[in-house]
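Q: Got a structure for you, structure_2.txt, holding compact mmCIF, C-alpha atoms.
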# COMPACT_ATOMS: atom_id res chain seq x y z
CA MET E 161 9.69 20.30 -0.89
CA GLU E 162 11.07 22.98 1.42
CA ASN E 163 7.88 22.91 3.50
CA ALA E 164 8.15 19.13 3.72
CA GLU E 165 11.73 19.43 4.97
CA VAL E 166 10.68 21.91 7.64
CA MET E 167 7.84 19.63 8.74
CA SER E 168 10.22 16.69 8.97
CA LYS E 169 12.75 18.63 11.06
CA LYS E 170 10.04 19.87 13.43
CA SER E 171 8.62 16.37 13.91
CA LYS E 172 12.09 15.00 14.70
CA SER E 173 12.88 17.71 17.24
CA ALA E 174 9.48 17.50 18.92
CA ALA E 175 9.79 13.87 20.04
CA PRO E 176 12.62 11.72 21.41
CA ALA E 177 14.14 9.23 19.00
CA LYS E 178 12.90 5.66 19.19
CA ASP E 179 14.84 2.50 18.45
CA TYR E 180 12.98 0.94 15.54
CA THR E 181 15.66 -1.66 14.86
CA GLN E 182 14.53 -4.08 17.56
CA SER E 183 11.94 -6.65 16.45
CA VAL E 184 8.86 -6.52 18.66
CA MET E 185 7.35 -9.71 17.21
CA SER E 186 8.62 -13.10 18.29
CA PRO E 187 9.70 -15.66 15.65
CA ALA E 188 6.50 -17.60 16.40
CA ALA E 189 4.35 -14.52 15.81
CA ARG E 190 6.14 -13.73 12.55
CA PHE E 191 5.69 -17.33 11.38
CA THR E 192 1.99 -17.23 12.31
CA LYS E 193 1.52 -13.97 10.42
CA ARG E 194 3.11 -15.39 7.28
CA LEU E 195 1.09 -18.61 7.57
CA LEU E 196 -2.16 -16.64 7.90
CA ASP E 197 -1.17 -14.46 4.94
CA PHE E 198 -0.63 -17.56 2.80
CA VAL E 199 -3.80 -19.42 3.83
CA VAL E 200 -6.17 -16.43 3.70
CA SER E 201 -4.81 -15.12 0.37
CA LEU E 202 -5.12 -18.59 -1.20
CA PHE E 203 -8.70 -18.92 0.04
CA GLY E 204 -9.43 -15.36 -1.16
CA LEU E 205 -8.14 -16.02 -4.66
CA ILE E 206 -10.32 -19.12 -4.95
CA PHE E 207 -13.45 -17.69 -3.31
CA LEU E 208 -13.28 -14.36 -5.18
CA SER E 209 -12.46 -15.83 -8.59
CA PRO E 210 -15.98 -15.03 -9.95
CA VAL E 211 -15.49 -11.38 -8.87
CA PHE E 212 -12.12 -11.33 -10.64
CA LEU E 213 -13.80 -12.56 -13.83
CA VAL E 214 -16.56 -9.92 -13.71
CA ILE E 215 -14.06 -7.10 -13.15
CA TYR E 216 -11.80 -8.43 -15.91
CA ILE E 217 -14.68 -8.45 -18.40
CA ALA E 218 -15.85 -4.95 -17.35
CA ILE E 219 -12.38 -3.48 -17.91
CA LYS E 220 -11.95 -5.19 -21.28
CA LEU E 221 -15.38 -4.04 -22.47
CA GLU E 222 -14.65 -0.41 -21.65
CA SER E 223 -11.16 -0.03 -23.09
CA ARG E 224 -8.48 -1.87 -24.95
CA GLY E 225 -5.37 -3.05 -23.22
CA SER E 226 -4.45 -5.27 -20.31
CA ALA E 227 -6.95 -5.60 -17.45
CA ILE E 228 -4.10 -6.20 -15.03
CA PHE E 229 -1.79 -3.31 -14.15
CA LYS E 230 1.79 -4.15 -13.17
CA GLN E 231 4.27 -1.78 -11.57
CA GLU E 232 7.62 -2.08 -9.80
CA ARG E 233 7.65 -1.18 -6.11
CA VAL E 234 10.23 -1.22 -3.31
CA GLY E 235 9.49 -3.99 -0.83
CA TYR E 236 10.90 -6.30 1.81
CA LYS E 237 14.65 -5.83 2.41
CA GLY E 238 14.58 -2.96 -0.07
CA GLU E 239 14.15 -5.34 -3.00
CA ILE E 240 12.11 -4.45 -6.08
CA PHE E 241 9.00 -6.52 -6.75
CA THR E 242 6.08 -6.32 -9.18
CA ILE E 243 2.75 -5.29 -7.70
CA TYR E 244 -0.50 -6.31 -9.39
CA LYS E 245 -3.74 -4.35 -9.58
CA PHE E 246 -6.77 -4.16 -11.81
CA ARG E 247 -6.10 -1.36 -14.30
CA SER E 248 -8.09 1.72 -13.30
CA MET E 249 -6.54 4.26 -15.67
CA ILE E 250 -6.22 4.69 -19.40
CA MET E 251 -3.33 2.88 -21.06
CA PHE E 252 -0.05 4.81 -21.00
CA ALA E 253 -1.25 7.09 -18.19
CA GLU E 254 2.37 8.15 -17.69
CA ALA E 255 3.31 8.35 -21.35
CA ASP E 256 5.96 11.02 -20.70
CA GLY E 257 7.77 8.66 -18.33
CA THR E 258 7.36 10.89 -15.26
CA PRO E 259 5.79 9.13 -12.24
CA ALA E 260 2.61 10.92 -11.16
CA LEU E 261 0.39 10.30 -8.15
CA CYS E 262 -3.35 9.84 -8.58
CA GLN E 263 -5.24 13.01 -7.60
CA ASN E 264 -8.89 13.67 -6.77
CA GLY E 265 -10.82 13.94 -10.02
CA ASP E 266 -7.90 12.48 -11.98
CA LYS E 267 -8.91 12.49 -15.67
CA ARG E 268 -6.73 9.46 -16.36
CA LEU E 269 -9.21 7.23 -14.51
CA THR E 270 -11.68 5.26 -16.60
CA ARG E 271 -15.31 4.97 -15.53
CA VAL E 272 -14.85 1.36 -14.43
CA GLY E 273 -11.52 2.29 -12.88
CA ARG E 274 -13.05 5.08 -10.83
CA PHE E 275 -15.63 2.65 -9.44
CA LEU E 276 -12.92 0.10 -8.65
CA ARG E 277 -10.80 2.70 -6.87
CA ASN E 278 -13.71 4.11 -4.87
CA HIS E 279 -14.50 0.62 -3.59
CA HIS E 280 -10.86 -0.55 -3.39
CA LEU E 281 -11.57 -3.43 -5.75
CA ASP E 282 -8.54 -2.57 -7.87
CA GLU E 283 -6.39 -3.93 -5.02
CA LEU E 284 -7.76 -7.50 -5.24
CA PRO E 285 -4.95 -8.90 -7.44
CA GLN E 286 -2.55 -8.11 -4.59
CA LEU E 287 -3.81 -11.35 -3.05
CA TRP E 288 -1.34 -12.94 -5.48
CA ASN E 289 1.45 -10.73 -4.12
CA ILE E 290 0.56 -11.85 -0.59
CA LEU E 291 0.47 -15.52 -1.58
CA LYS E 292 3.93 -15.19 -3.17
CA GLY E 293 5.35 -13.49 -0.10
CA ASP E 294 6.01 -10.11 -1.74
CA MET E 295 3.44 -8.52 0.55
CA SER E 296 1.44 -9.09 3.73
CA PHE E 297 -2.14 -8.20 4.57
CA VAL E 298 -0.86 -5.57 7.01
CA GLY E 299 2.24 -3.45 6.56
CA PRO E 300 3.46 -0.18 5.04
CA ARG E 301 2.06 0.56 1.60
CA PRO E 302 4.79 -0.09 -1.00
CA GLU E 303 6.01 2.87 -3.00
CA ARG E 304 7.86 3.37 -6.28
CA LYS E 305 11.60 3.92 -6.13
CA PHE E 306 11.20 7.41 -7.60
CA PHE E 307 9.16 8.51 -4.57
CA VAL E 308 11.13 6.39 -2.08
CA ASP E 309 14.29 8.26 -3.06
CA ARG E 310 12.55 11.61 -2.57
CA ILE E 311 11.25 10.59 0.86
CA LYS E 312 14.67 9.23 1.93
CA SER E 313 16.32 12.51 0.93
CA ILE E 314 14.22 14.15 3.67
CA ASN E 315 13.98 11.32 6.20
CA PRO E 316 16.45 8.41 5.77
CA ASP E 317 14.51 6.43 8.41
CA TYR E 318 12.38 5.15 5.53
CA GLU E 319 14.93 2.35 5.17
CA LEU E 320 13.83 0.95 8.53
CA LEU E 321 10.59 -0.13 6.83
CA TYR E 322 12.60 -2.62 4.78
CA GLN E 323 12.30 -4.91 7.82
CA LEU E 324 8.63 -5.40 6.95
CA ARG E 325 6.75 -6.86 4.03
CA PRO E 326 4.59 -4.15 2.45
CA GLY E 327 0.88 -4.45 3.16
CA VAL E 328 -2.53 -4.02 1.57
CA PHE E 329 -3.85 -2.61 4.86
CA SER E 330 -2.05 -0.12 7.10
CA GLU E 331 -2.81 2.31 9.89
CA ALA E 332 -1.38 5.09 7.75
CA THR E 333 -3.87 4.43 4.95
CA LEU E 334 -6.74 4.06 7.42
CA TYR E 335 -6.10 7.39 9.16
CA ASN E 336 -4.01 9.36 6.65
CA GLY E 337 -5.58 8.17 3.39
CA TYR E 338 -3.77 7.62 0.13
CA THR E 339 -0.84 9.95 -0.41
CA ASP E 340 -0.88 12.58 -3.13
CA THR E 341 1.59 15.09 -1.62
CA MET E 342 5.07 14.89 -0.07
CA ALA E 343 3.68 16.14 3.24
CA LYS E 344 1.25 13.18 3.36
CA MET E 345 4.08 10.82 2.42
CA LEU E 346 6.12 12.03 5.38
CA GLU E 347 3.13 11.68 7.71
CA ARG E 348 2.57 8.18 6.36
CA LEU E 349 6.21 7.38 7.08
CA ARG E 350 5.84 8.60 10.67
CA MET E 351 2.80 6.36 11.19
CA ASP E 352 4.48 3.38 9.51
CA LEU E 353 7.47 3.75 11.83
CA GLU E 354 5.09 3.78 14.81
CA TYR E 355 3.55 0.55 13.49
CA LEU E 356 7.03 -0.96 13.12
CA HIS E 357 7.70 -0.18 16.78
CA LYS E 358 4.45 -1.60 18.22
CA ARG E 359 3.27 -4.22 15.71
CA SER E 360 1.57 -7.42 16.84
CA LEU E 361 -0.94 -9.93 15.51
CA TRP E 362 -3.69 -8.26 17.55
CA ILE E 363 -2.89 -4.84 16.05
CA ASP E 364 -2.94 -6.40 12.55
CA ILE E 365 -6.39 -7.88 13.16
CA LYS E 366 -7.61 -4.53 14.48
CA ILE E 367 -6.30 -2.67 11.40
CA ILE E 368 -7.95 -5.14 9.02
CA PHE E 369 -11.26 -5.00 10.90
CA LEU E 370 -11.38 -1.20 11.04
CA THR E 371 -10.36 -0.84 7.39
CA VAL E 372 -12.96 -3.33 6.15
CA CYS E 373 -15.66 -1.60 8.22
CA SER E 374 -14.59 1.78 6.82
CA ILE E 375 -14.82 0.46 3.25
CA ILE E 376 -18.24 -1.12 3.87
CA PHE E 377 -19.58 2.16 5.26
CA GLY E 378 -18.23 4.13 2.30
CA LYS E 379 -15.22 5.93 3.76
CA LYS E 380 -13.01 7.50 1.07
CA PHE E 381 -9.28 7.06 1.58
Using the file provided, produce a representation of the structure as structure tokens.

A:
Amino acid sequence: MENAEVMSKKSKSAAPAKDYTQSVMSPAARFTKRLLDFVVSLFGLIFLSPVFLVIYIAIKLESRGSAIFKQERVGYKGEIFTIYKFRSMIMFAEADGTPALCQNGDKRLTRVGRFLRNHHLDELPQLWNILKGDMSFVGPRPERKFFVDRIKSINPDYELLYQLRPGVFSEATLYNGYTDTMAKMLERLRMDLEYLHKRSLWIDIKIIFLTVCSIIFGKKF
């Protein structure tokens, strides 16, 4: 934690402060983004329904318990919402009640779950989150309140991200990978704040295209 604090202080002193409170997307662009989120997620849920069924059956055949994993995350306007994923870990993976990040070689992953994670198929149920308006296709990855509070204790600017709906795709995930340390969380925050400052529909399309290509060619996040 001390190293993370030092890193945060250095990054703040190395660059001039930016005003992230001004919206860089027009009302028309924001409306278009939400409309595209709704239409594409609805089409995706219908078109991919056979894939959902196959994954559901595979999870149920390997282990008992729910095939859908639900967890509370901090989202738009700082409100708590329920995120949906295909379950990739054993049931009661956090039986002691302490939130724990997934690590490389995590023994809590099931065989089916490891395959789903490696190919990002566990994220498919988030199409429902997008359809509902909890999330967008592009935006900062949503985090649990436990970790949000730890990040905010080092860099309160995290609250600026509440202006955005969380996303399935993000520049931070594309270039920084999934976070399993506080240092990576702070780097993700820096990149998410940059996205907040420069976001546009064109940048969203670019992030989606590059992420999909990376997944197709086997990049590990």

Q: Between E:Ser248, E:Ser360, E:Ser374, E:Thr242, single out the one closest to Thr192 in chain E, counting only C-alpha atoms.

A: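 Once distances to Thr192 in chain E are computed over only C-alpha atoms, the minimum belongs to E:Ser360.
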
Q: Which value, in Å to one decimal, gives the distance between CA of Ser223 in chain E and CA of Asn278 in chain E?

A: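 For CA of Ser223 in chain E relative to CA of Asn278 in chain E, the distance reads 18.9 Å.
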
Q: Pick out the closest residue to Val211 in chain E from this set: E:Asp282, E:Glu331, E:Glu232, E:Glu239. Count all atoms listed in the file.

A: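 Closest residue, counting all atoms listed in the file: E:Asp282.
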
Q: Would you mind telling me which residue in E:Leu261, E:Met185, E:Val234, E:Ile228 lies nearest to Tyr216 in chain E when using only C-alpha atoms?

A: E:Ile228

Q: Compile the contact shell of Asp352 in chain E as an mmCIF file with C-alpha atoms, in the frame of the given file: residues with an atom at most 9 Å away, counting all atoms listed in the file, same-chain residues fewer than 4 positions apart removed.

A:
data_model
loop_
_atom_site.group_PDB
_atom_site.id
_atom_site.type_symbol
_atom_site.label_atom_id
_atom_site.label_comp_id
_atom_site.auth_asym_id
_atom_site.auth_seq_id
_atom_site.Cartn_x
_atom_site.Cartn_y
_atom_site.Cartn_z
ATOM 1 C CA GLY E 299 2.240 -3.450 6.560
ATOM 2 C CA PRO E 300 3.460 -0.180 5.040
ATOM 3 C CA ARG E 301 2.060 0.560 1.600
ATOM 4 C CA LEU E 321 10.590 -0.130 6.830
ATOM 5 C CA SER E 330 -2.050 -0.120 7.100
ATOM 6 C CA GLU E 331 -2.810 2.310 9.890
ATOM 7 C CA ALA E 332 -1.380 5.090 7.750
ATOM 8 C CA GLU E 347 3.130 11.680 7.710
ATOM 9 C CA ARG E 348 2.570 8.180 6.360
ATOM 10 C CA LEU E 356 7.030 -0.960 13.120
ATOM 11 C CA HIS E 357 7.700 -0.180 16.780
#

Q: I'd like the contact shell of Leu276 in chain E - 10 Å cut-off, all atoms listed in the file, skipping same-chain residues fewer than 6 positions apart - returned as a PDB file with C-alpha atoms, in the frame of the given file.

A:
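around.pdb, written as the output of this step:
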ATOM      1  CA  ILE E 215     -14.060  -7.100 -13.150  1.00  0.00           C
ATOM      2  CA  ILE E 219     -12.380  -3.480 -17.910  1.00  0.00           C
ATOM      3  CA  PHE E 246      -6.770  -4.160 -11.810  1.00  0.00           C
ATOM      4  CA  ARG E 247      -6.100  -1.360 -14.300  1.00  0.00           C
ATOM      5  CA  SER E 248      -8.090   1.720 -13.300  1.00  0.00           C
ATOM      6  CA  LEU E 269      -9.210   7.230 -14.510  1.00  0.00           C
ATOM      7  CA  THR E 270     -11.680   5.260 -16.600  1.00  0.00           C
ATOM      8  CA  ASP E 282      -8.540  -2.570  -7.870  1.00  0.00           C
ATOM      9  CA  GLU E 283      -6.390  -3.930  -5.020  1.00  0.00           C
ATOM     10  CA  LEU E 284      -7.760  -7.500  -5.240  1.00  0.00           C
TER      11      LEU E 284
END

Q: Which value, in Å to one decimal, gives the distance between CA of Ser201 in chain E and CA of Val328 in chain E?

A: 11.4 Å

Q: With distances taken over all atoms listed in the file, which residue among E:Leu320, E:Ile217, E:Ile375, E:Leu334 lies nearest Leu353 in chain E?

A: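 Of E:Leu320, E:Ile217, E:Ile375, E:Leu334, the one nearest Leu353 in chain E, counting all atoms listed in the file, is E:Leu320.
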
Q: For the atom pair CA of Val372 in chain E and CA of Phe329 in chain E, what is the interatomic distance in Å to one decimal place?

A: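 Pair CA of Val372 in chain E / CA of Phe329 in chain E returns 9.2 Å.
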
Q: Which one is closest to Arg194 in chain E: E:Ala218, E:Leu291, E:Met251, E:Ala227? Count all atoms listed in the file.

A: E:Leu291

Q: Rank nothing, just name the residue among E:Ile367, E:Leu346, E:Ile250, E:Met351 nearest to Gly225 in chain E, using all atoms listed in the file.

A: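 Answer, going by the shortest atom-to-atom distance: E:Ile250.
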
Q: Excluding Arg190 in chain E and its own-chain neighbours fewer than 3 positions away, which residues fall within 12 Å of it when counting only C-alpha atoms? Please give them as a VMD selection string.

A: chain E and resid 183 to 187 193 to 197 296 323 to 325 359 to 361 364

Q: Using all atoms of range 333-338 of chain E that appear in the file, construct an axis-aligned enclosing box with 6 Å of padding on every side and provide its centre coordinates and edge lengths in Å, rounded to one decimal, as lines of an AutoDock Vina configuration file.

A:
center_x = -5.3
center_y = 6.7
center_z = 4.6
size_x = 15.0
size_y = 17.3
size_z = 21.0
